[in-house]
Every structure is written in structure tokens, then in C-alpha cells.
$ cat entry31.txt   # compact mmCIF, C-alpha atoms
# COMPACT_ATOMS: atom_id res chain seq x y z
CA MET Q 958 19.88 -30.11 -14.42
CA ARG Q 959 17.83 -27.00 -15.22
CA LEU Q 960 17.29 -24.53 -18.07
CA ALA Q 961 17.91 -20.87 -17.28
CA SER Q 962 16.00 -19.60 -20.37
CA PRO Q 963 13.70 -22.39 -21.56
CA SER Q 964 11.75 -20.12 -23.93
CA TRP Q 965 14.56 -20.47 -26.48
CA LEU Q 966 13.51 -24.10 -27.03
CA ALA Q 967 10.80 -22.73 -29.33
CA LEU Q 968 13.56 -22.53 -31.97
CA ILE Q 969 13.43 -26.33 -32.25
CA ALA Q 970 9.93 -26.06 -33.72
CA VAL Q 971 11.26 -23.43 -36.14
CA ALA Q 972 14.05 -25.83 -37.14
CA VAL Q 973 11.54 -28.61 -37.87
CA VAL Q 974 9.33 -26.32 -39.94
CA LEU Q 975 12.28 -24.99 -41.94
CA THR Q 976 13.53 -28.54 -42.57
CA VAL Q 977 10.16 -29.67 -43.91
CA LEU Q 978 9.75 -26.57 -46.06
CA TRP Q 979 13.27 -26.94 -47.47
CA MET Q 980 12.75 -30.60 -48.41
CA LEU Q 981 9.41 -29.81 -50.06
CA ARG Q 982 10.96 -26.88 -51.94
CA ARG Q 983 13.77 -29.04 -53.29
CA ARG Q 984 11.26 -31.69 -54.35
CA TRP Q 985 9.17 -29.12 -56.21
CA GLN Q 986 12.30 -27.71 -57.91
CA ARG Q 987 14.22 -30.95 -58.44
CA TYR Q 988 14.65 -30.68 -62.21
CA PRO Q 989 13.00 -27.52 -63.50
CA PHE Q 990 15.22 -27.80 -66.61
CA PRO Q 991 16.88 -30.78 -68.32
CA ASN Q 992 19.74 -32.03 -66.17
CA VAL Q 993 22.55 -32.55 -68.67
CA THR Q 994 24.99 -33.85 -66.06
CA ALA Q 995 22.59 -36.55 -64.96
CA ALA Q 996 21.81 -37.45 -68.57
CA LEU Q 997 25.49 -37.98 -69.25
CA GLY Q 998 25.74 -40.22 -66.19
CA ARG Q 999 28.06 -37.94 -64.21
CA GLY Q 1000 27.65 -36.29 -60.83
CA GLY Q 1001 24.34 -37.94 -59.99
CA GLY Q 1002 24.87 -37.41 -56.22
CA ILE Q 1003 25.21 -33.61 -56.36
CA PRO Q 1004 21.50 -32.72 -55.89
CA GLU Q 1005 21.21 -35.12 -52.97
CA ARG Q 1006 24.26 -33.59 -51.27
CA THR Q 1007 22.86 -30.12 -51.87
CA VAL Q 1008 19.53 -31.06 -50.32
CA THR Q 1009 21.34 -32.56 -47.32
CA ALA Q 1010 23.35 -29.36 -46.85
CA GLY Q 1011 20.18 -27.29 -46.64
CA VAL Q 1012 18.56 -29.72 -44.22
CA LEU Q 1013 21.64 -29.64 -41.99
CA ALA Q 1014 21.63 -25.83 -41.96
CA ALA Q 1015 18.01 -25.84 -40.77
CA LEU Q 1016 18.57 -28.58 -38.22
CA ALA Q 1017 21.51 -26.64 -36.71
CA LEU Q 1018 18.86 -24.46 -35.05
CA ALA Q 1019 17.94 -27.34 -32.72
CA PRO Q 1020 21.23 -27.60 -30.77
CA LEU Q 1021 21.54 -23.83 -31.00
CA ALA Q 1022 18.15 -23.52 -29.27
CA VAL Q 1023 19.30 -25.79 -26.46
CA ALA Q 1024 22.51 -23.76 -26.07
CA LEU Q 1025 20.53 -20.50 -25.87
CA ALA Q 1026 18.24 -22.09 -23.25
CA ARG Q 1027 21.37 -22.41 -21.07
CA PRO Q 1028 21.25 -25.88 -19.53
CA GLN Q 1029 22.79 -25.72 -16.05
CA GLU Q 1030 23.98 -28.50 -13.80
CA VAL Q 1031 23.05 -28.04 -10.13
CA LEU Q 1032 26.26 -28.48 -8.19
CA SER Q 1033 24.84 -28.06 -4.70
CA ARG Q 1034 21.68 -27.25 -2.82
CA HIS Q 1035 20.82 -26.76 0.81
CA THR Q 1036 17.74 -26.73 2.96
CA GLU Q 1037 17.01 -23.70 5.10
CA HIS Q 1038 14.86 -23.62 8.18
CA ALA Q 1039 13.20 -20.23 8.67
CA GLU Q 1040 10.65 -18.90 11.10
CA GLY Q 1041 8.01 -16.26 10.50
CA VAL Q 1042 4.67 -14.93 11.68
CA ASP Q 1043 2.20 -12.20 10.72
CA LEU Q 1044 2.81 -9.52 13.32
CA VAL Q 1045 1.19 -6.14 13.99
CA VAL Q 1046 2.65 -3.61 16.42
CA ALA Q 1047 0.03 -1.24 17.88
CA LEU Q 1048 2.00 1.74 19.20
CA ASP Q 1049 0.65 4.41 21.55
CA VAL Q 1050 1.50 7.95 20.31
CA SER Q 1051 -0.51 9.91 22.87
CA GLY Q 1052 0.98 12.96 24.60
CA SER Q 1053 2.06 10.98 27.65
CA MET Q 1054 4.55 9.06 25.49
CA SER Q 1055 6.69 12.23 25.55
CA ALA Q 1056 7.53 11.60 29.24
CA LEU Q 1057 11.25 11.82 29.92
CA ASP Q 1058 11.64 8.86 32.25
CA PHE Q 1059 13.27 6.86 29.41
CA GLU Q 1060 16.80 7.94 28.51
CA PRO Q 1061 18.26 9.10 26.18
CA THR Q 1062 15.02 10.37 24.62
CA ASP Q 1063 11.38 9.96 25.63
CA ARG Q 1064 9.14 6.91 25.89
CA LEU Q 1065 8.13 7.02 22.23
CA GLY Q 1066 11.69 7.48 20.97
CA VAL Q 1067 13.00 4.52 22.94
CA ALA Q 1068 10.00 2.37 21.95
CA LYS Q 1069 10.64 3.13 18.26
CA GLU Q 1070 14.31 2.15 18.56
CA VAL Q 1071 13.51 -1.12 20.33
CA ILE Q 1072 10.74 -2.00 17.85
CA SER Q 1073 13.12 -1.22 14.97
CA ASP Q 1074 15.75 -3.60 16.36
CA PHE Q 1075 13.05 -6.23 16.97
CA LEU Q 1076 11.87 -5.93 13.37
CA GLU Q 1077 15.41 -6.14 12.01
CA GLY Q 1078 15.91 -9.42 13.83
CA ARG Q 1079 12.84 -11.04 12.24
CA PRO Q 1080 13.36 -10.83 8.45
CA ASN Q 1081 10.84 -13.58 7.68
CA ASP Q 1082 7.88 -11.93 9.43
CA ARG Q 1083 5.20 -9.96 7.66
CA PHE Q 1084 4.94 -6.75 9.65
CA ALA Q 1085 2.25 -4.08 10.05
CA LEU Q 1086 2.22 -0.89 12.11
CA VAL Q 1087 -0.80 0.71 13.79
CA VAL Q 1088 -0.55 3.93 15.81
CA PHE Q 1089 -3.19 5.20 18.18
CA ALA Q 1090 -3.94 8.05 20.56
CA GLY Q 1091 -7.50 9.43 20.68
CA ALA Q 1092 -8.01 7.63 17.33
CA ALA Q 1093 -6.21 4.82 15.50
CA VAL Q 1094 -4.77 4.51 11.98
CA THR Q 1095 -2.77 1.92 10.05
CA LEU Q 1096 0.55 3.39 8.95
CA CYS Q 1097 1.85 0.24 7.32
CA PRO Q 1098 -0.22 -2.78 6.19
CA LEU Q 1099 1.23 -6.28 6.37
CA THR Q 1100 4.40 -6.41 4.32
CA LEU Q 1101 7.67 -8.30 3.92
CA ASP Q 1102 9.33 -5.09 2.75
CA HIS Q 1103 10.97 -4.22 6.04
CA GLY Q 1104 12.74 -1.26 4.47
CA VAL Q 1105 9.40 0.46 3.91
CA ALA Q 1106 8.18 -0.58 7.37
CA GLN Q 1107 11.33 0.82 9.00
CA HIS Q 1108 10.93 4.12 7.15
CA LEU Q 1109 7.31 4.50 8.26
CA LEU Q 1110 8.26 3.62 11.83
CA ASP Q 1111 10.95 6.32 11.79
CA GLU Q 1112 8.32 8.87 10.70
CA VAL Q 1113 6.03 8.18 13.67
CA GLU Q 1114 5.58 11.23 15.89
CA MET Q 1115 3.16 12.61 18.43
CA GLY Q 1116 0.52 15.22 17.62
CA SER Q 1117 -0.77 13.64 14.40
CA LEU Q 1118 -3.87 12.19 16.11
CA PRO Q 1119 -6.40 13.58 18.62
CA ASP Q 1120 -5.07 13.33 22.15
CA GLY Q 1121 -6.19 10.55 24.43
CA THR Q 1122 -5.47 6.84 24.83
CA ALA Q 1123 -7.95 4.72 22.87
CA ILE Q 1124 -6.49 1.29 23.60
CA GLY Q 1125 -9.65 -0.44 22.35
CA LEU Q 1126 -9.46 1.32 18.97
CA GLY Q 1127 -5.74 0.62 18.66
CA LEU Q 1128 -6.18 -3.07 19.38
CA GLY Q 1129 -9.29 -3.34 17.19
CA THR Q 1130 -7.46 -1.75 14.23
CA ALA Q 1131 -4.53 -4.15 14.69
CA VAL Q 1132 -6.90 -7.12 14.79
CA ALA Q 1133 -8.54 -5.91 11.57
CA ARG Q 1134 -5.12 -5.99 9.86
CA LEU Q 1135 -4.93 -9.74 10.61
CA ARG Q 1136 -8.55 -10.65 9.89
CA HIS Q 1137 -7.79 -12.15 6.46
CA SER Q 1138 -4.33 -13.49 7.26
CA GLU Q 1139 -3.75 -17.17 6.43
CA ALA Q 1140 -0.61 -17.44 8.57
CA GLU Q 1141 -0.50 -20.15 11.21
CA SER Q 1142 0.69 -17.64 13.80
CA LYS Q 1143 -0.93 -14.19 14.06
CA VAL Q 1144 0.32 -11.79 16.72
CA VAL Q 1145 -0.41 -8.28 17.98
CA VAL Q 1146 2.09 -6.48 20.21
CA LEU Q 1147 0.30 -3.64 21.98
CA VAL Q 1148 2.67 -0.96 23.35
CA THR Q 1149 1.16 1.72 25.60
CA ASP Q 1150 1.92 3.75 28.71
CA GLY Q 1151 -1.55 4.55 29.93
CA SER Q 1152 -5.12 3.53 30.60
CA ASN Q 1153 -8.00 3.45 28.13
CA ASN Q 1154 -9.79 6.81 28.43
CA THR Q 1155 -11.48 7.37 25.08
CA GLY Q 1156 -12.72 5.62 21.94
CA GLN Q 1157 -15.90 3.81 20.93
CA LEU Q 1158 -14.49 0.29 21.21
CA ASP Q 1159 -13.99 -1.34 24.60
CA PRO Q 1160 -10.52 -2.98 24.89
CA VAL Q 1161 -11.98 -6.21 26.30
CA ASN Q 1162 -14.34 -6.51 23.32
CA ALA Q 1163 -11.40 -5.99 20.98
CA ALA Q 1164 -9.47 -8.74 22.78
CA GLU Q 1165 -12.44 -11.10 22.48
CA MET Q 1166 -12.52 -10.41 18.72
CA ALA Q 1167 -8.83 -11.30 18.57
CA ALA Q 1168 -9.43 -14.55 20.46
CA GLU Q 1169 -12.18 -15.54 18.00
CA LEU Q 1170 -9.71 -15.07 15.12
CA ASP Q 1171 -6.92 -17.03 16.90
CA ILE Q 1172 -4.82 -13.88 17.24
CA THR Q 1173 -2.41 -13.71 20.17
CA VAL Q 1174 -2.05 -10.34 21.90
CA HIS Q 1175 1.04 -9.47 23.91
CA THR Q 1176 0.77 -6.23 25.89
CA VAL Q 1177 3.69 -4.03 26.88
CA LEU Q 1178 3.25 -1.31 29.51
CA VAL Q 1179 6.05 1.26 29.26
CA GLY Q 1180 6.96 3.80 31.90
CA ARG Q 1181 5.89 4.11 35.49
CA SER Q 1182 3.06 5.71 37.37
CA GLY Q 1183 3.18 8.73 39.69
CA LEU Q 1184 4.97 12.00 39.05
CA VAL Q 1185 6.95 11.84 35.81
CA PRO Q 1186 8.85 14.66 34.00
CA VAL Q 1187 6.97 15.70 30.86
CA PRO Q 1188 7.94 18.48 28.39
CA VAL Q 1189 5.27 21.16 28.12
CA ASP Q 1190 5.02 24.04 25.65
CA GLU Q 1191 4.18 27.34 27.38
CA ARG Q 1192 3.46 30.72 25.84
CA ASP Q 1193 5.01 33.77 27.47
CA PRO Q 1194 2.11 36.19 28.17
CA ARG Q 1195 4.33 39.22 27.61
CA THR Q 1196 6.20 38.26 24.43
CA GLY Q 1197 3.87 35.63 22.99
CA ARG Q 1198 6.80 33.31 22.38
CA VAL Q 1199 6.39 29.59 22.98
CA ARG Q 1200 9.02 27.88 25.06
CA ARG Q 1201 9.37 24.31 26.22
CA THR Q 1202 9.69 23.52 29.89
CA VAL Q 1203 9.66 20.29 31.87
CA ARG Q 1204 7.05 19.70 34.53
CA LYS Q 1205 6.26 16.84 36.85
CA MET Q 1206 2.90 15.34 35.93
CA GLU Q 1207 0.84 12.54 37.43
CA MET Q 1208 0.65 9.49 35.15
CA GLU Q 1209 -2.20 6.99 35.27
CA ILE Q 1210 -1.59 3.39 34.24
CA ASN Q 1211 -3.78 0.29 34.17
CA PRO Q 1212 -1.65 -2.88 34.24
CA GLU Q 1213 -4.68 -4.97 35.23
CA LEU Q 1214 -6.45 -4.11 31.97
CA LEU Q 1215 -3.41 -4.99 29.84
CA ALA Q 1216 -2.98 -8.26 31.71
CA GLU Q 1217 -6.63 -9.12 31.01
CA LEU Q 1218 -6.26 -8.39 27.29
CA ALA Q 1219 -3.27 -10.71 27.08
CA ARG Q 1220 -4.99 -13.43 29.14
CA LEU Q 1221 -8.08 -13.46 26.90
CA THR Q 1222 -5.97 -14.20 23.83
CA GLY Q 1223 -3.39 -16.54 25.34
CA GLY Q 1224 -0.67 -13.90 25.25
CA ASN Q 1225 1.65 -12.43 27.83
CA SER Q 1226 1.64 -9.11 29.64
CA PHE Q 1227 4.94 -7.30 30.16
CA ARG Q 1228 6.00 -4.17 31.99
CA ALA Q 1229 9.05 -2.06 31.19
CA ARG Q 1230 10.13 0.78 33.46
CA ASP Q 1231 13.35 1.63 31.58
CA PRO Q 1232 14.92 1.12 28.12
CA GLN Q 1233 16.78 -2.06 29.07
CA ALA Q 1234 13.61 -3.60 30.46
CA LEU Q 1235 11.82 -2.73 27.20
CA GLU Q 1236 14.56 -4.45 25.20
CA ASP Q 1237 14.24 -7.51 27.42
CA VAL Q 1238 10.47 -7.53 26.85
CA PHE Q 1239 10.83 -7.60 23.07
CA ALA Q 1240 13.56 -10.24 23.34
CA ALA Q 1241 11.11 -12.39 25.30
CA ILE Q 1242 8.40 -11.83 22.66
CA ASP Q 1243 10.94 -12.73 19.99
CA GLU Q 1244 11.50 -16.09 21.67
CA LEU Q 1245 7.78 -16.73 22.18
CA GLU Q 1246 6.62 -16.11 18.62
CA ARG Q 1247 8.32 -18.54 16.26
CA THR Q 1248 6.75 -20.54 13.43
CA GLU Q 1249 9.17 -22.79 11.56
CA PHE Q 1250 8.98 -23.58 7.87
CA THR Q 1251 11.45 -25.23 5.50
CA SER Q 1252 12.66 -24.02 2.14
CA THR Q 1253 15.17 -25.53 -0.27
CA LYS Q 1254 17.52 -23.17 -2.08
CA LEU Q 1255 19.65 -24.04 -5.11
CA VAL Q 1256 23.09 -22.62 -4.58
CA ARG Q 1257 25.59 -23.16 -7.40
CA TYR Q 1258 25.26 -24.02 -11.09
CA ARG Q 1259 27.63 -25.03 -13.87
CA GLU Q 1260 26.82 -23.84 -17.39
CA ARG Q 1261 26.39 -26.75 -19.84
CA PHE Q 1262 25.55 -24.89 -23.05
CA GLU Q 1263 28.99 -25.31 -24.65
CA PRO Q 1264 28.47 -28.85 -26.10
CA TRP Q 1265 25.21 -27.75 -27.70
CA ALA Q 1266 26.78 -24.63 -29.18
CA VAL Q 1267 29.65 -26.75 -30.56
CA ALA Q 1268 27.12 -29.23 -32.02
CA ALA Q 1269 25.26 -26.40 -33.76
CA LEU Q 1270 28.53 -25.11 -35.23
CA ALA Q 1271 29.54 -28.60 -36.34
CA VAL Q 1272 26.25 -29.15 -38.16
CA LEU Q 1273 26.59 -25.80 -39.92
CA LEU Q 1274 30.16 -26.58 -40.94
CA LEU Q 1275 29.09 -30.00 -42.25
CA GLY Q 1276 26.39 -28.36 -44.33
CA ALA Q 1277 28.90 -25.84 -45.69
CA ALA Q 1278 31.31 -28.67 -46.55
CA LEU Q 1279 28.62 -30.55 -48.47
CA GLU Q 1280 27.79 -27.40 -50.36
CA ALA Q 1281 31.45 -26.95 -51.24
CA VAL Q 1282 31.66 -30.53 -52.53
CA ALA Q 1283 28.46 -30.07 -54.51
CA GLY Q 1284 29.78 -26.87 -55.99
CA ARG Q 1285 26.46 -25.08 -55.71
CA THR Q 1286 24.53 -23.28 -52.98
CA PRO Q 1287 21.77 -25.18 -51.19
CA TRP Q 1288 19.59 -22.12 -50.59
$ encode --input "entry31.txt" --output "C-alpha cells"
Amino acid sequence: MRLASPSWLALIAVAVVLTVLWMLRRRWQRYPFPNVTAALGRGGGIPERTVTAGVLAALALAPLAVALARPQEVLSRHTEHAEGVDLVVALDVSGSMSALDFEPTDRLGVAKEVISDFLEGRPNDRFALVVFAGAAVTLCPLTLDHGVAQHLLDEVEMGSLPDGTAIGLGLGTAVARLRHSEAESKVVVLVTDGSNNTGQLDPVNAAEMAAELDITVHTVLVGRSGLVPVPVDERDPRTGRVRRTVRKMEMEINPELLAELARLTGGNSFRARDPQALEDVFAAIDELERTEFTSTKLVRYRERFEPWAVAALAVLLLGAALEAVAGRTPW
């Protein structure tokens, strides 16, 4: 049994106060003038019935208060087992993520779609998003509002940060997001396609910081090395117009570094050369990072206010009947 609106029970105190005040008032005004009827020996019970009618009217507030508080009977309940972690995705948005070796878009577009699906499948996780190139910023702090997180992820694009691949800064910023987390499981998923080539923070130092804070880092290397088609904007020297062309460019990767970052924190290092492989990587991470907790949810209720409402009405009707018998108002 539960009360949906327990604040209404305060009316019971009002009922008690009104009852006391009414009884005192009737005592003070019992016979302000000579009572001829009583002197003649007739109708001696009328004042008592009148007092009782007033008391009943005041006391009717008590069952009315319980009715307004809406007592509910719990018909069923069930226990749910859920799993959740505090998770930060550090996503590379450097220029090389525009490479066209991932269909149907580029590396960044496919990574965003896969991360979005990954996030949708983990509704109990608190999620944060860090993007990095030559610098690193937090786009979304830890939140359970996955709608907001999805919107911010959709808005991610290249060109908003200085060019370069500051893996150390990206990882360090992600670790900072989890510094004050009290979750049992804290995870960073680092997604990049290159090698650390800028930034003031060494990636190994950032990984050591994560290890000290019991943060697990999984690294995901997307794309492949060698000559890769990359869109390039070129300006026509005669017309001054900018047009986009595709050129083969040499891509540098450092899988050894990413493997070391994962090893230092007890995580795993993955490599994805195509969209399906990237989906498989995040599916593997999804299986690795699970923390179970139990919650009990009340499911169905049955309203039980009717008997109390009927009792309040009955008391009021009884008071009205006594007043009618007495032939005078109790107020």
C-alpha cells in the first residue's frame, strides 16, 4: 500500500483543531440566554445533538484527507537487472578523418554512425564526448540524456579545431571527464586514424594518469596506412573558384602506440579497416564493458480512495441528519 499524494494528510490536523475549537465554542455559548425548553423539561437532548452534528462535520475532514491522499494498493512489482558504466568517447576529427576508404561516407561519418548505434544500445550508461585534432575539447560532459548526446555527436565536423593529431591531449581530456566519477566502471574509448604528432601531453603519460584513476582505455584505429583517397579543396588560379578533388595521400598510423595505451590501462586495442570491422569493434567493446546493478520497479496500482471518500460523505450526512432532528443549525 502507498499514498500517491501524502501531503493531503495535513487535513487531519485541521480536522482535529476544528473539532476542539467547535467543542470549546459550544461550551462557551451553551446557554447565553435562559433556556425555556430545558426549564419546562422538554427537548433536553437537542443541544447535545447539535454539538455532535458540528463535531461530525469537522471530523469528516479526516477520511476526506485520506481519500485525497489517494491510497493505492500495489498489485505487482518486478526486479530489473540493468548494466551501466561511465563512458567517454574521444573522437579524432583531424583532416585525415575525411579519407574516403570507408563507404558510404568518410572515416568520420562512419565512426559517428557506429558510435551513435553503440550509444543507443547502452541506455543505462552515462556518456561524454571529447573531440580532438591539434587541440581537444569536451563537447558533451557525462550525462544520461542520450538525446542531447546524440544531437551533439551529429554536429561533430572537421575544421573546428587546429589541424594535427594530439592523441595525448584527447586522451587526457577524456580522463579529466572521469576524474570525479564514482562509478565502479570508468571507460574511455579512443577512436583515431593516425599517430600522435602534436600537443603538449604525451599519450603514454595520459594513459598512466588513467591507470592511476582505475580508468580503462580501449583504443580503436580506423582506416589503413599507405595511399588513401582524400578530398582536397583546390583553388583555380585563373577563376579563383574553389573546387574539391580527390587525391591519393600517404597516411601514417601508429598501432604500436595505441596498443601500449590500452595495455597500460588494462584495456584492449582494436583495428578497423572498413565499416563492418568498426561495427564489430564496438560490439566487442559493448560486451566487455558491463556493470550490473539491480532496481525494483512498482508496476501496477489499484486506487483505494473510494471507501474513505464514502466514509467522509457518511459522516457529513450523519451530521446533517442530527441537525435536522435538532431543528437548528450546528454552526
$ residues_around --input "entry31.txt" --residues "Leu1135 (chain Q)" --least-positions-apart "4" --cutoff "8 Å" --atoms "only C-alpha atoms" --output "PyMOL selection string"
chain Q and resi 1043+1045+1131+1143+1172
$ closest_residue --input "entry31.txt" --among "Q:Val1012, Q:Leu1021, Q:Met1115, Q:Leu1178" --to "Ala1269 (chain Q)" --atoms "all atoms listed in the file"
Q:Leu1021
$ closest_residue --input "entry31.txt" --among "Q:Leu1065, Q:Ala1092, Q:Val1050, Q:Val1145" --to "Ala1133 (chain Q)" --atoms "all atoms listed in the file"
Q:Val1145
$ residues_near_point --input "entry31.txt" --point "(8.6, 4.9, 10.1)" --cutoff "12 Å" --atoms "only C-alpha atoms" --output "PyMOL selection string"
chain Q and resi 1048+1066+1069-1070+1072-1073+1076+1085-1088+1095-1097+1103-1114
$ atom_distance --input "entry31.txt" --atom1 "CA of Asn1225 (chain Q)" --atom2 "CA of Leu1128 (chain Q)"
14.8 Å
$ closest_residue --input "entry31.txt" --among "Q:Ala961, Q:Leu1099, Q:Met1166, Q:Leu975" --to "Ser1138 (chain Q)" --atoms "only C-alpha atoms"
Q:Leu1099
$ closest_residue --input "entry31.txt" --among "Q:Pro1212, Q:Pro1098, Q:Pro1080, Q:Pro1028" --to "Asp1150 (chain Q)" --atoms "all atoms listed in the file"
Q:Pro1212
$ atom_distance --input "entry31.txt" --atom1 "CA of Arg1027 (chain Q)" --atom2 "CA of Trp965 (chain Q)"
8.9 Å
